[in-house]
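As provided, data-v1.pdb (PDB, C-alpha atoms and all ligand atoms) reads as follows.
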```
ATOM      1  CA  MET A 662      65.252 118.790 105.044  1.00  0.00           C
ATOM      2  CA  VAL A 663      67.687 121.516 104.164  1.00  0.00           C
ATOM      3  CA  LYS A 664      71.037 120.368 102.884  1.00  0.00           C
ATOM      4  CA  SER A 665      73.735 122.559 104.318  1.00  0.00           C
ATOM      5  CA  PHE A 666      76.519 121.118 102.199  1.00  0.00           C
ATOM      6  CA  PHE A 667      76.822 120.384  98.500  1.00  0.00           C
ATOM      7  CA  LEU A 668      79.443 118.107  97.056  1.00  0.00           C
ATOM      8  CA  PRO A 669      81.691 120.343  94.944  1.00  0.00           C
ATOM      9  CA  ASP A 670      82.093 119.915  91.190  1.00  0.00           C
ATOM     10  CA  ILE A 671      85.542 118.334  91.110  1.00  0.00           C
ATOM     11  CA  SER A 672      85.412 117.169  87.496  1.00  0.00           C
ATOM     12  CA  PHE A 673      87.833 119.729  86.056  1.00  0.00           C
ATOM     13  CA  ARG A 674      90.532 119.183  88.673  1.00  0.00           C
ATOM     14  CA  TYR A 675      89.929 115.446  88.624  1.00  0.00           C
ATOM     15  CA  ASN A 676      90.666 115.194  84.911  1.00  0.00           C
ATOM     16  CA  LEU A 677      93.637 117.538  85.302  1.00  0.00           C
ATOM     17  CA  TYR A 678      95.170 115.470  88.114  1.00  0.00           C
ATOM     18  CA  SER A 679      94.481 112.167  86.411  1.00  0.00           C
ATOM     19  CA  GLY A 680      96.152 113.609  83.295  1.00  0.00           C
ATOM     20  CA  HIS A 681      99.239 114.429  85.406  1.00  0.00           C
ATOM     21  CA  LEU A 682      99.223 110.945  86.807  1.00  0.00           C
ATOM     22  CA  LEU A 683      98.920 109.246  83.417  1.00  0.00           C
ATOM     23  CA  SER A 684     101.775 111.243  81.922  1.00  0.00           C
ATOM     24  CA  ALA A 685     103.977 110.534  84.967  1.00  0.00           C
ATOM     25  CA  LEU A 686     103.205 106.844  84.481  1.00  0.00           C
ATOM     26  CA  ALA A 687     103.934 107.003  80.763  1.00  0.00           C
ATOM     27  CA  ASN A 688     107.351 108.551  81.412  1.00  0.00           C
ATOM     28  CA  SER A 689     110.076 106.015  80.613  1.00  0.00           C
ATOM     29  CA  LYS A 690     111.848 106.858  83.896  1.00  0.00           C
ATOM     30  CA  ARG A 691     108.990 106.646  86.336  1.00  0.00           C
ATOM     31  CA  ASP A 692     109.444 108.887  89.341  1.00  0.00           C
ATOM     32  CA  TRP A 693     107.496 107.148  92.080  1.00  0.00           C
ATOM     33  CA  ASN A 694     107.555 110.183  94.358  1.00  0.00           C
ATOM     34  CA  VAL A 695     105.774 112.197  91.677  1.00  0.00           C
ATOM     35  CA  ILE A 696     103.340 109.388  90.918  1.00  0.00           C
ATOM     36  CA  ASP A 697     102.664 108.915  94.631  1.00  0.00           C
ATOM     37  CA  PHE A 698     101.935 112.621  94.977  1.00  0.00           C
ATOM     38  CA  ASP A 699      99.712 112.695  91.873  1.00  0.00           C
ATOM     39  CA  ILE A 700      97.543 109.747  92.818  1.00  0.00           C
ATOM     40  CA  ASN A 701      97.155 110.959  96.385  1.00  0.00           C
ATOM     41  CA  SER A 702      96.098 114.397  95.153  1.00  0.00           C
ATOM     42  CA  LEU A 703      93.495 112.695  93.025  1.00  0.00           C
ATOM     43  CA  ASN A 704      92.342 110.567  95.938  1.00  0.00           C
ATOM     44  CA  THR A 705      92.026 113.588  98.227  1.00  0.00           C
ATOM     45  CA  LEU A 706      89.755 115.306  95.691  1.00  0.00           C
ATOM     46  CA  LEU A 707      87.072 112.739  96.446  1.00  0.00           C
ATOM     47  CA  THR A 708      86.430 114.464  99.810  1.00  0.00           C
ATOM     48  CA  THR A 709      86.739 112.586 103.096  1.00  0.00           C
ATOM     49  CA  LYS A 710      83.601 110.597 102.372  1.00  0.00           C
ATOM     50  CA  TYR A 711      84.843 108.930  99.165  1.00  0.00           C
ATOM     51  CA  THR A 712      88.609 109.055  99.621  1.00  0.00           C
ATOM     52  CA  ILE A 713      90.204 105.603  99.589  1.00  0.00           C
ATOM     53  CA  PRO A 714      91.978 104.950 102.903  1.00  0.00           C
ATOM     54  CA  VAL A 715      95.661 104.102 102.460  1.00  0.00           C
ATOM     55  CA  SER A 716      96.395 101.444 105.059  1.00  0.00           C
ATOM     56  CA  THR A 717      98.226  98.156 104.744  1.00  0.00           C
ATOM     57  CA  GLU A 718      96.654  96.908 107.948  1.00  0.00           C
ATOM     58  CA  LEU A 719      93.103  97.656 106.832  1.00  0.00           C
ATOM     59  CA  TYR A 720      93.830  96.202 103.401  1.00  0.00           C
ATOM     60  CA  GLN A 721      95.004  92.923 104.905  1.00  0.00           C
ATOM     61  CA  GLU A 722      91.983  92.766 107.152  1.00  0.00           C
ATOM     62  CA  ARG A 723      89.508  93.371 104.328  1.00  0.00           C
ATOM     63  CA  THR A 724      91.111  90.993 101.868  1.00  0.00           C
ATOM     64  CA  LYS A 725      91.572  88.079 104.222  1.00  0.00           C
ATOM     65  CA  ILE A 726      89.700  85.114 102.845  1.00  0.00           C
ATOM     66  CA  LYS A 727      88.105  82.716 105.257  1.00  0.00           C
ATOM     67  CA  GLN A 728      88.570  79.209 103.938  1.00  0.00           C
ATOM     68  CA  THR A 729      85.953  76.653 104.930  1.00  0.00           C
ATOM     69  CA  ARG A 730      85.217  72.922 104.998  1.00  0.00           C
ATOM     70  CA  LYS A 731      81.756  71.523 104.201  1.00  0.00           C
ATOM     71  CA  CYS A 732      80.111  69.286 106.742  1.00  0.00           C
ATOM     72  CA  GLN A 733      78.766  66.150 105.090  1.00  0.00           C
ATOM     73  CA  SER A 734      75.937  65.701 107.561  1.00  0.00           C
ATOM     74  CA  CYS A 735      74.071  68.975 107.893  1.00  0.00           C
ATOM     75  CA  PHE A 736      72.717  71.843 105.864  1.00  0.00           C
ATOM     76  CA  MET A 737      72.317  75.557 106.272  1.00  0.00           C
ATOM     77  CA  LYS A 738      70.033  78.114 104.691  1.00  0.00           C
ATOM     78  CA  ASP A 739      71.667  80.502 102.308  1.00  0.00           C
ATOM     79  CA  PHE A 740      70.253  83.067  99.904  1.00  0.00           C
ATOM     80  CA  LYS A 741      71.038  84.844  96.697  1.00  0.00           C
ATOM     81  CA  ASN A 742      69.678  88.157  95.478  1.00  0.00           C
ATOM     82  CA  VAL A 743      67.460  87.910  92.429  1.00  0.00           C
ATOM     83  CA  PHE A 744      66.043  90.760  90.360  1.00  0.00           C
ATOM     84  CA  ASP A 745      62.715  90.757  88.561  1.00  0.00           C
ATOM     85  CA  ASP A 746      61.961  92.522  85.256  1.00  0.00           C
ATOM     86  CA  GLU A 747      61.413  95.818  87.036  1.00  0.00           C
ATOM     87  CA  GLY A 748      64.681  95.619  88.892  1.00  0.00           C
ATOM     88  CA  ASN A 749      63.142  94.822  92.289  1.00  0.00           C
ATOM     89  CA  GLN A 750      65.429  92.825  94.470  1.00  0.00           C
ATOM     90  CA  THR A 751      64.234  89.777  96.403  1.00  0.00           C
ATOM     91  CA  LYS A 752      66.058  87.084  98.307  1.00  0.00           C
ATOM     92  CA  GLU A 753      65.833  83.515  97.091  1.00  0.00           C
ATOM     93  CA  TYR A 754      66.577  81.004  99.840  1.00  0.00           C
ATOM     94  CA  PHE A 755      68.094  77.602  99.263  1.00  0.00           C
ATOM     95  CA  GLU A 756      69.684  74.836 101.302  1.00  0.00           C
ATOM     96  CA  THR A 757      73.338  74.051 101.026  1.00  0.00           C
ATOM     97  CA  GLN A 758      75.902  71.991 102.934  1.00  0.00           C
ATOM     98  CA  THR A 759      77.019  73.801 106.071  1.00  0.00           C
ATOM     99  CA  GLU A 760      80.316  75.564 105.603  1.00  0.00           C
ATOM    100  CA  ILE A 761      82.461  75.817 108.710  1.00  0.00           C
ATOM    101  CA  PRO A 762      85.291  78.391 108.779  1.00  0.00           C
ATOM    102  CA  ASP A 763      88.665  76.704 108.992  1.00  0.00           C
ATOM    103  CA  HIS A 764      89.629  78.485 112.216  1.00  0.00           C
ATOM    104  CA  GLU A 765      86.615  76.929 113.978  1.00  0.00           C
ATOM    105  CA  ILE A 766      87.671  73.419 113.067  1.00  0.00           C
ATOM    106  CA  ASN A 767      89.729  71.249 115.393  1.00  0.00           C
ATOM    107  CA  ILE A 768      91.453  68.508 113.503  1.00  0.00           C
ATOM    108  CA  ILE A 769      91.850  65.371 115.542  1.00  0.00           C
ATOM    109  CA  SER A 770      93.826  62.274 114.823  1.00  0.00           C
ATOM    110  CA  GLU A 771      91.889  59.099 115.516  1.00  0.00           C
ATOM    111  CA  MET A 772      93.745  55.792 115.820  1.00  0.00           C
ATOM    112  CA  ASN A 773      92.473  53.163 113.405  1.00  0.00           C
ATOM    113  CA  GLY A 774      91.492  49.732 114.661  1.00  0.00           C
ATOM    114  CA  LEU A 775      94.021  46.996 114.003  1.00  0.00           C
ATOM    115  CA  LEU A 776      92.092  45.537 111.067  1.00  0.00           C
ATOM    116  CA  THR A 777      91.728  48.952 109.412  1.00  0.00           C
ATOM    117  CA  GLN A 778      95.435  49.559 109.980  1.00  0.00           C
ATOM    118  CA  ILE A 779      96.227  46.374 108.108  1.00  0.00           C
ATOM    119  CA  ILE A 780      93.850  47.133 105.243  1.00  0.00           C
ATOM    120  CA  THR A 781      94.610  50.832 104.809  1.00  0.00           C
ATOM    121  CA  LYS A 782      98.231  50.751 106.034  1.00  0.00           C
ATOM    122  CA  GLU A 783      97.341  53.931 107.949  1.00  0.00           C
ATOM    123  CA  LYS A 784      97.775  54.057 111.719  1.00  0.00           C
ATOM    124  CA  ALA A 785      95.451  57.000 112.185  1.00  0.00           C
ATOM    125  CA  VAL A 786      92.903  59.038 110.317  1.00  0.00           C
ATOM    126  CA  LEU A 787      92.401  62.816 110.476  1.00  0.00           C
ATOM    127  CA  GLN A 788      88.924  63.998 111.225  1.00  0.00           C
ATOM    128  CA  TRP A 789      86.921  66.895 112.625  1.00  0.00           C
ATOM    129  CA  ILE A 790      83.652  67.213 114.446  1.00  0.00           C
ATOM    130  CA  CYS A 791      81.085  69.616 113.024  1.00  0.00           C
ATOM    131  CA  PRO A 792      80.339  72.244 115.693  1.00  0.00           C
ATOM    132  CA  LYS A 793      76.772  72.485 114.408  1.00  0.00           C
ATOM    133  CA  CYS A 794      75.641  68.880 114.237  1.00  0.00           C
ATOM    134  CA  ASP A 795      78.391  67.031 116.160  1.00  0.00           C
ATOM    135  CA  ASN A 796      78.920  64.560 113.346  1.00  0.00           C
ATOM    136  CA  VAL A 797      82.394  63.375 112.391  1.00  0.00           C
ATOM    137  CA  ASN A 798      83.865  64.351 109.024  1.00  0.00           C
ATOM    138  CA  LEU A 799      87.012  62.908 107.509  1.00  0.00           C
ATOM    139  CA  ILE A 800      89.598  65.439 106.420  1.00  0.00           C
ATOM    140  CA  GLU A 801      90.241  63.600 103.178  1.00  0.00           C
ATOM    141  CA  ASP A 802      86.538  63.835 102.252  1.00  0.00           C
ATOM    142  CA  THR A 803      86.186  67.515 103.127  1.00  0.00           C
ATOM    143  CA  PRO A 804      88.910  69.523 101.401  1.00  0.00           C
ATOM    144  CA  LEU A 805      89.464  73.184 102.252  1.00  0.00           C
ATOM    145  CA  SER A 806      87.671  75.581  99.947  1.00  0.00           C
ATOM    146  CA  SER A 807      90.051  77.360  97.637  1.00  0.00           C
ATOM    147  CA  LYS A 808      88.412  80.749  97.532  1.00  0.00           C
ATOM    148  CA  ALA A 809      90.301  83.601  95.945  1.00  0.00           C
ATOM    149  CA  TRP A 810      89.481  87.150  94.916  1.00  0.00           C
ATOM    150  CA  GLY A 811      89.161  87.917  91.230  1.00  0.00           C
ATOM    151  CA  SER A 812      91.942  90.014  89.726  1.00  0.00           C
ATOM    152  CA  ASN A 813      89.604  93.003  89.327  1.00  0.00           C
ATOM    153  CA  SER A 814      88.175  92.980  92.839  1.00  0.00           C
ATOM    154  CA  THR A 815      88.035  96.248  94.732  1.00  0.00           C
ATOM    155  CA  PHE A 816      88.001  96.612  98.494  1.00  0.00           C
ATOM    156  CA  GLY A 817      87.596 100.330  99.207  1.00  0.00           C
ATOM    157  CA  VAL A 818      91.113 100.482 100.609  1.00  0.00           C
ATOM    158  CA  ILE A 819      94.686 100.471  99.278  1.00  0.00           C
ATOM    159  CA  TRP A 820      97.897  99.238 100.893  1.00  0.00           C
ATOM    160  CA  GLU A 821     100.777 101.650 101.515  1.00  0.00           C
ATOM    161  CA  LYS A 822     103.294 102.084  98.704  1.00  0.00           C
ATOM    162  CA  ALA A 823     106.581 100.245  99.186  1.00  0.00           C
ATOM    163  CA  ILE A 824     109.581 102.250 100.353  1.00  0.00           C
ATOM    164  CA  LYS A 825     112.669 101.903  98.214  1.00  0.00           C
ATOM    165  CA  SER A 826     115.478 100.029  99.921  1.00  0.00           C
ATOM    166  CA  ILE A 827     118.610  98.093  99.037  1.00  0.00           C
ATOM    167  CA  THR A 828     116.734  94.812  99.262  1.00  0.00           C
ATOM    168  CA  ASN A 829     113.844  95.651  96.948  1.00  0.00           C
ATOM    169  CA  ARG A 830     115.745  97.623  94.325  1.00  0.00           C
ATOM    170  CA  SER A 831     115.180  95.084  91.550  1.00  0.00           C
ATOM    171  CA  THR A 832     111.455  94.637  92.191  1.00  0.00           C
ATOM    172  CA  PHE A 833     110.582  98.154  93.357  1.00  0.00           C
ATOM    173  CA  ASP A 834     109.237  99.437  90.030  1.00  0.00           C
ATOM    174  CA  GLU A 835     107.108  96.345  89.534  1.00  0.00           C
ATOM    175  CA  MET A 836     105.741  96.513  93.094  1.00  0.00           C
ATOM    176  CA  CYS A 837     104.835 100.169  92.696  1.00  0.00           C
ATOM    177  CA  MET A 838     103.193  99.491  89.343  1.00  0.00           C
ATOM    178  CA  LYS A 839     100.965  96.877  90.969  1.00  0.00           C
ATOM    179  CA  TRP A 840     100.177  99.329  93.739  1.00  0.00           C
ATOM    180  CA  VAL A 841      99.266 102.225  91.456  1.00  0.00           C
ATOM    181  CA  THR A 842      97.133 100.007  89.201  1.00  0.00           C
ATOM    182  CA  ALA A 843      95.129  98.747  92.187  1.00  0.00           C
ATOM    183  CA  PHE A 844      94.887 102.287  93.556  1.00  0.00           C
ATOM    184  CA  GLN A 845      93.514 103.569  90.230  1.00  0.00           C
ATOM    185  CA  ARG A 846      90.897 100.820  90.240  1.00  0.00           C
ATOM    186  CA  GLU A 847      89.829 101.819  93.748  1.00  0.00           C
ATOM    187  CA  ILE A 848      89.689 105.509  92.837  1.00  0.00           C
ATOM    188  CA  ASP A 849      87.564 104.674  89.780  1.00  0.00           C
ATOM    189  CA  VAL A 850      85.019 103.026  92.068  1.00  0.00           C
ATOM    190  CA  GLY A 851      85.225 105.910  94.558  1.00  0.00           C
ATOM    191  CA  MET A 852      84.690 108.389  91.745  1.00  0.00           C
ATOM    192  CA  MET A 853      81.668 106.495  90.465  1.00  0.00           C
ATOM    193  CA  ALA A 854      80.131 106.713  93.933  1.00  0.00           C
ATOM    194  CA  TYR A 855      81.023 110.411  94.091  1.00  0.00           C
ATOM    195  CA  GLN A 856      79.399 111.083  90.705  1.00  0.00           C
ATOM    196  CA  LYS A 857      76.239 109.285  91.749  1.00  0.00           C
ATOM    197  CA  ALA A 858      76.032 111.203  95.030  1.00  0.00           C
ATOM    198  CA  TYR A 859      76.728 114.453  93.166  1.00  0.00           C
ATOM    199  CA  PHE A 860      73.924 113.721  90.718  1.00  0.00           C
ATOM    200  CA  ASP A 861      71.501 112.881  93.547  1.00  0.00           C
ATOM    201  CA  GLU A 862      72.330 116.125  95.325  1.00  0.00           C
ATOM    202  CA  HIS A 863      72.430 118.515  92.375  1.00  0.00           C
ATOM    203  CA  GLY A 864      70.015 116.818  89.965  1.00  0.00           C
ATOM    204  CA  GLU A 865      72.632 117.002  87.197  1.00  0.00           C
ATOM    205  CA  ALA A 866      76.052 115.615  86.389  1.00  0.00           C
ATOM    206  CA  MET A 867      79.290 117.529  86.945  1.00  0.00           C
ATOM    207  CA  SER A 868      80.356 119.891  84.166  1.00  0.00           C
ATOM    208  CA  ASN A 869      83.042 117.637  82.654  1.00  0.00           C
ATOM    209  CA  ASN A 870      82.912 113.987  81.681  1.00  0.00           C
ATOM    210  CA  ILE A 871      85.192 111.960  83.908  1.00  0.00           C
ATOM    211  CA  ASN A 872      87.999 109.989  82.313  1.00  0.00           C
ATOM    212  CA  SER A 873      87.945 106.639  84.043  1.00  0.00           C
ATOM    213  CA  PHE A 874      91.233 104.716  84.332  1.00  0.00           C
ATOM    214  CA  SER A 875      89.703 101.387  83.493  1.00  0.00           C
ATOM    215  CA  HIS A 876      88.444 102.701  80.160  1.00  0.00           C
ATOM    216  CA  ASP A 877      91.573 104.427  78.971  1.00  0.00           C
ATOM    217  CA  GLY A 878      92.844 101.117  77.550  1.00  0.00           C
ATOM    218  CA  GLY A 879      96.415 102.368  77.390  1.00  0.00           C
ATOM    219  CA  ARG A 880      97.681 100.355  80.317  1.00  0.00           C
ATOM    220  CA  ASN A 881      97.977  96.687  80.976  1.00  0.00           C
TER     221      ASN A 881
HETATM  222 ZN    ZN A 901      77.355  69.393 110.478  1.00  0.00          ZN
END
```
Once you've parsed the file, please lay out its structure as structure tokens.
Amino acid sequence: MVKSFFLPDISFRYNLYSGHLLSALANSKRDWNVIDFDINSLNTLLTTKYTIPVSTELYQERTKIKQTRKCQSCFMKDFKNVFDDEGNQTKEYFETQTEIPDHEINIISEMNGLLTQIITKEKAVLQWICPKCDNVNLIEDTPLSSKAWGSNSTFGVIWEKAIKSITNRSTFDEMCMKWVTAFQREIDVGMMAYQKAYFDEHGEAMSNNINSFSHDGGRN
């Protein structure tokens, strides 16, 4: 197969632009228009294939966490990826309690019998029926999972930078700092993918070593 297109060597411009960005960030009076321009220039260098999309809507969609409850009566098959000594990947299957997404669960309130009402002092009990096995689970026995993303997670997308207004004046700098830090993390991952693809195509690395944001150690 003949490749009609080679990924360009962007290493020189990449380091130049990231240098601009870092000095704009180190400036005591941060100009967020400049920083916005710098980081977007850097992002655009990654070519359409590796550029991080800037979209609040897409970000929200990708980062939404589906909380679940575990049915106490049935099990499902799940797997994890395991690697042998030679790095070959295989799937290891195991059984685990069925997890039902919260939005598929109808919580119903069941009246207690008179005796139970007297003993528990509760008129009703909250429960849900497992859509897989039809068994009843009590809400108090099946708490919602409390899944959360780790602080260093990347999603291949970044939300849109806040626009300065009268209402966010006091928090604007902090909001933008959070934004640019997350954006840098995403670009780092995008650049790693770019470097790998470049190496696969050209059989050698780009001419300059890439300065990764997560290794510069100067930020917190
Ligand atoms: Zn079940």
- Query: Just so the selection is clear, what residues does the PyMOL selection byres (((chain A and resi 701) around 10) and not hetatm) cover here, as a list of chain:residue names?
  - Reply: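 Matching residues under the PyMOL selection byres (((chain A and resi 701) around 10) and not hetatm) are A:Tyr678, A:Leu682, A:Val695, A:Ile696, A:Asp697, A:Phe698, A:Asp699, A:Ile700, A:Ser702, A:Leu703, A:Asn704, A:Thr705, A:Leu706, A:Thr712, A:Ile713, A:Val715, A:Phe844, A:Ile848.
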- Could you give me, as a VMD selection string, the residues within 10 Å of A:Leu668, counting all atoms listed in the file and dropping anything in the same chain fewer than 5 positions from it? chain A and resid 707 to 708 855 to 856 858 to 860 862 to 863
- Message: Taking all atoms listed in the file and a cut-off of 10 Å, can you tell me which residues surround ligand ZN 901 (chain A), written as JSON, numbers by chain?
- Response: {"A": [731, 732, 733, 734, 735, 736, 737, 758, 759, 760, 761, 790, 791, 792, 793, 794, 795, 796, 797, 798]}
- Task: Please work out which residues fall within 12 Å of (84.3, 100.9, 92.7), coordinates as given in the file, with all atoms listed in the file counting, and return them as a list in words.
- Result: Tyr711, Thr712, Ile713, Asn813, Ser814, Thr815, Phe816, Gly817, Val818, Ala843, Phe844, Gln845, Arg846, Glu847, Ile848, Asp849, Val850, Gly851, Met852, Met853, Ala854, Tyr855, Gln856, Lys857, Ser873, Phe874 and Ser875 of chain A
Would you save the residues of that selection, restricted to C-alpha atoms, as a CSV table (one decimal), in the frame of the given file?
```csv
chain,number,residue,atom,x,y,z
A,711,TYR,CA,84.8,108.9,99.2
A,712,THR,CA,88.6,109.1,99.6
A,713,ILE,CA,90.2,105.6,99.6
A,813,ASN,CA,89.6,93.0,89.3
A,814,SER,CA,88.2,93.0,92.8
A,815,THR,CA,88.0,96.2,94.7
A,816,PHE,CA,88.0,96.6,98.5
A,817,GLY,CA,87.6,100.3,99.2
A,818,VAL,CA,91.1,100.5,100.6
A,843,ALA,CA,95.1,98.7,92.2
A,844,PHE,CA,94.9,102.3,93.6
A,845,GLN,CA,93.5,103.6,90.2
A,846,ARG,CA,90.9,100.8,90.2
A,847,GLU,CA,89.8,101.8,93.7
A,848,ILE,CA,89.7,105.5,92.8
A,849,ASP,CA,87.6,104.7,89.8
A,850,VAL,CA,85.0,103.0,92.1
A,851,GLY,CA,85.2,105.9,94.6
A,852,MET,CA,84.7,108.4,91.7
A,853,MET,CA,81.7,106.5,90.5
A,854,ALA,CA,80.1,106.7,93.9
A,855,TYR,CA,81.0,110.4,94.1
A,856,GLN,CA,79.4,111.1,90.7
A,857,LYS,CA,76.2,109.3,91.7
A,873,SER,CA,87.9,106.6,84.0
A,874,PHE,CA,91.2,104.7,84.3
A,875,SER,CA,89.7,101.4,83.5
```
- Message: Can you pull out the residues contacting A:Glu753? Cut-off 10 Å, using all atoms listed in the file, and skip same-chain residues under 3 positions away; I want them as an MDAnalysis selection string.
- Response: chainID A and resid 739:744 750
- Test item: the PyMOL selection byres (((chain A and resi 693) around 10) and not hetatm) resolved as a PyMOL selection string: chain A and resi 685-686+690-692+694-699+822-825+833-834+837-838+841
Preceding selection exported with C-alpha atoms as a compact mmCIF listing (two decimals), in the coordinates of the input:
```txt
# COMPACT_ATOMS: atom_id res chain seq x y z
CA ALA A 685 103.98 110.53 84.97
CA LEU A 686 103.20 106.84 84.48
CA LYS A 690 111.85 106.86 83.90
CA ARG A 691 108.99 106.65 86.34
CA ASP A 692 109.44 108.89 89.34
CA ASN A 694 107.56 110.18 94.36
CA VAL A 695 105.77 112.20 91.68
CA ILE A 696 103.34 109.39 90.92
CA ASP A 697 102.66 108.92 94.63
CA PHE A 698 101.94 112.62 94.98
CA ASP A 699 99.71 112.70 91.87
CA LYS A 822 103.29 102.08 98.70
CA ALA A 823 106.58 100.24 99.19
CA ILE A 824 109.58 102.25 100.35
CA LYS A 825 112.67 101.90 98.21
CA PHE A 833 110.58 98.15 93.36
CA ASP A 834 109.24 99.44 90.03
CA CYS A 837 104.84 100.17 92.70
CA MET A 838 103.19 99.49 89.34
CA VAL A 841 99.27 102.22 91.46
```
- For A:Phe673, which residue out of A:Gln788, A:Asn870, A:Asp763, A:Glu722 is the nearest one, using only C-alpha atoms?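 Comparing A:Gln788, A:Asn870, A:Asp763, A:Glu722 against A:Phe673, the winner is A:Asn870.
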- Which one is closest to A:Ile766: A:Ile827, A:Ala809, A:Ala866, A:Leu787? Count only C-alpha atoms.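 Smallest distance to A:Ile766 is found for A:Leu787.
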- Message: Between atom CA of A:Ile769 and atom CA of A:Lys808, what is the distance in Å, rounded to a tenth?
- Response: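 Rounded to one decimal, the two atoms are 23.9 Å apart.
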- Can you list, as a list of chain:residue names, every protein, DNA or RNA residue that comes within 12 Å of A:Gln721 when you count only C-alpha atoms, leaving out same-chain residues fewer than 2 positions away?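 Counting only the stated atoms, we get A:Val715, A:Ser716, A:Thr717, A:Glu718, A:Leu719, A:Arg723, A:Thr724, A:Lys725, A:Ile726, A:Phe816, A:Gly817, A:Val818, A:Ile819, A:Trp820, A:Glu821.
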Residues of the last selection are to be written out with C-alpha atoms, as a compact mmCIF listing (two decimals), keeping the file's coordinate frame.
```txt
# COMPACT_ATOMS: atom_id res chain seq x y z
CA VAL A 715 95.66 104.10 102.46
CA SER A 716 96.40 101.44 105.06
CA THR A 717 98.23 98.16 104.74
CA GLU A 718 96.65 96.91 107.95
CA LEU A 719 93.10 97.66 106.83
CA ARG A 723 89.51 93.37 104.33
CA THR A 724 91.11 90.99 101.87
CA LYS A 725 91.57 88.08 104.22
CA ILE A 726 89.70 85.11 102.84
CA PHE A 816 88.00 96.61 98.49
CA GLY A 817 87.60 100.33 99.21
CA VAL A 818 91.11 100.48 100.61
CA ILE A 819 94.69 100.47 99.28
CA TRP A 820 97.90 99.24 100.89
CA GLU A 821 100.78 101.65 101.52
```
- Note on the structure: In terms of all atoms listed in the file, the residue from A:Ser672, A:Gln728, A:Thr751, A:Ser770 at minimal distance from A:Leu805 is A:Gln728
- Item | Interatomic distance, atom CA of A:Leu677 to atom CA of A:Ile871 (Å, one decimal) | 10.2 Å
- Query: How many Å separate atom CA of A:Ile779 from atom CA of A:Asn767?
  - Reply: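 If I compute the distance from atom CA of A:Ile779 to atom CA of A:Asn767, I get 26.7 Å.
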- Task: Check what the PyMOL selection byres (((chain A and resi 773) around 10) and not hetatm) selects in the file above and give those residues as a ChimeraX atom specification.
- Result: /A:770-772,774-779,781-786
Could N, CA and C atoms be built for stretch 746-758 of chain A and written out as a compact mmCIF listing (two decimals), keeping the file's coordinate frame?
```
# COMPACT_ATOMS: atom_id res chain seq x y z
N ASP A 746 61.88 91.69 86.46
CA ASP A 746 61.96 92.52 85.26
C ASP A 746 62.04 94.02 85.57
N GLU A 747 61.42 94.40 86.69
CA GLU A 747 61.41 95.82 87.04
C GLU A 747 62.58 96.23 87.92
N GLY A 748 63.48 95.29 88.12
CA GLY A 748 64.68 95.62 88.89
C GLY A 748 64.49 95.53 90.39
N ASN A 749 63.35 95.00 90.85
CA ASN A 749 63.14 94.82 92.29
C ASN A 749 63.95 93.64 92.78
N GLN A 750 64.56 93.85 93.94
CA GLN A 750 65.43 92.82 94.47
C GLN A 750 64.70 91.98 95.51
N THR A 751 64.77 90.66 95.36
CA THR A 751 64.23 89.78 96.40
C THR A 751 65.28 88.71 96.72
N LYS A 752 65.13 88.13 97.89
CA LYS A 752 66.06 87.08 98.31
C LYS A 752 65.47 85.73 97.99
N GLU A 753 66.28 84.87 97.37
CA GLU A 753 65.83 83.52 97.09
C GLU A 753 66.61 82.58 98.01
N TYR A 754 65.90 81.86 98.87
CA TYR A 754 66.58 81.00 99.84
C TYR A 754 66.77 79.60 99.28
N PHE A 755 67.87 78.99 99.66
CA PHE A 755 68.09 77.60 99.26
C PHE A 755 68.93 76.92 100.34
N GLU A 756 68.92 75.60 100.32
CA GLU A 756 69.68 74.84 101.30
C GLU A 756 71.01 74.41 100.70
N THR A 757 72.02 74.45 101.51
CA THR A 757 73.34 74.05 101.03
C THR A 757 74.10 73.42 102.18
N GLN A 758 75.10 72.61 101.86
CA GLN A 758 75.90 71.99 102.93
C GLN A 758 76.50 73.06 103.83
```
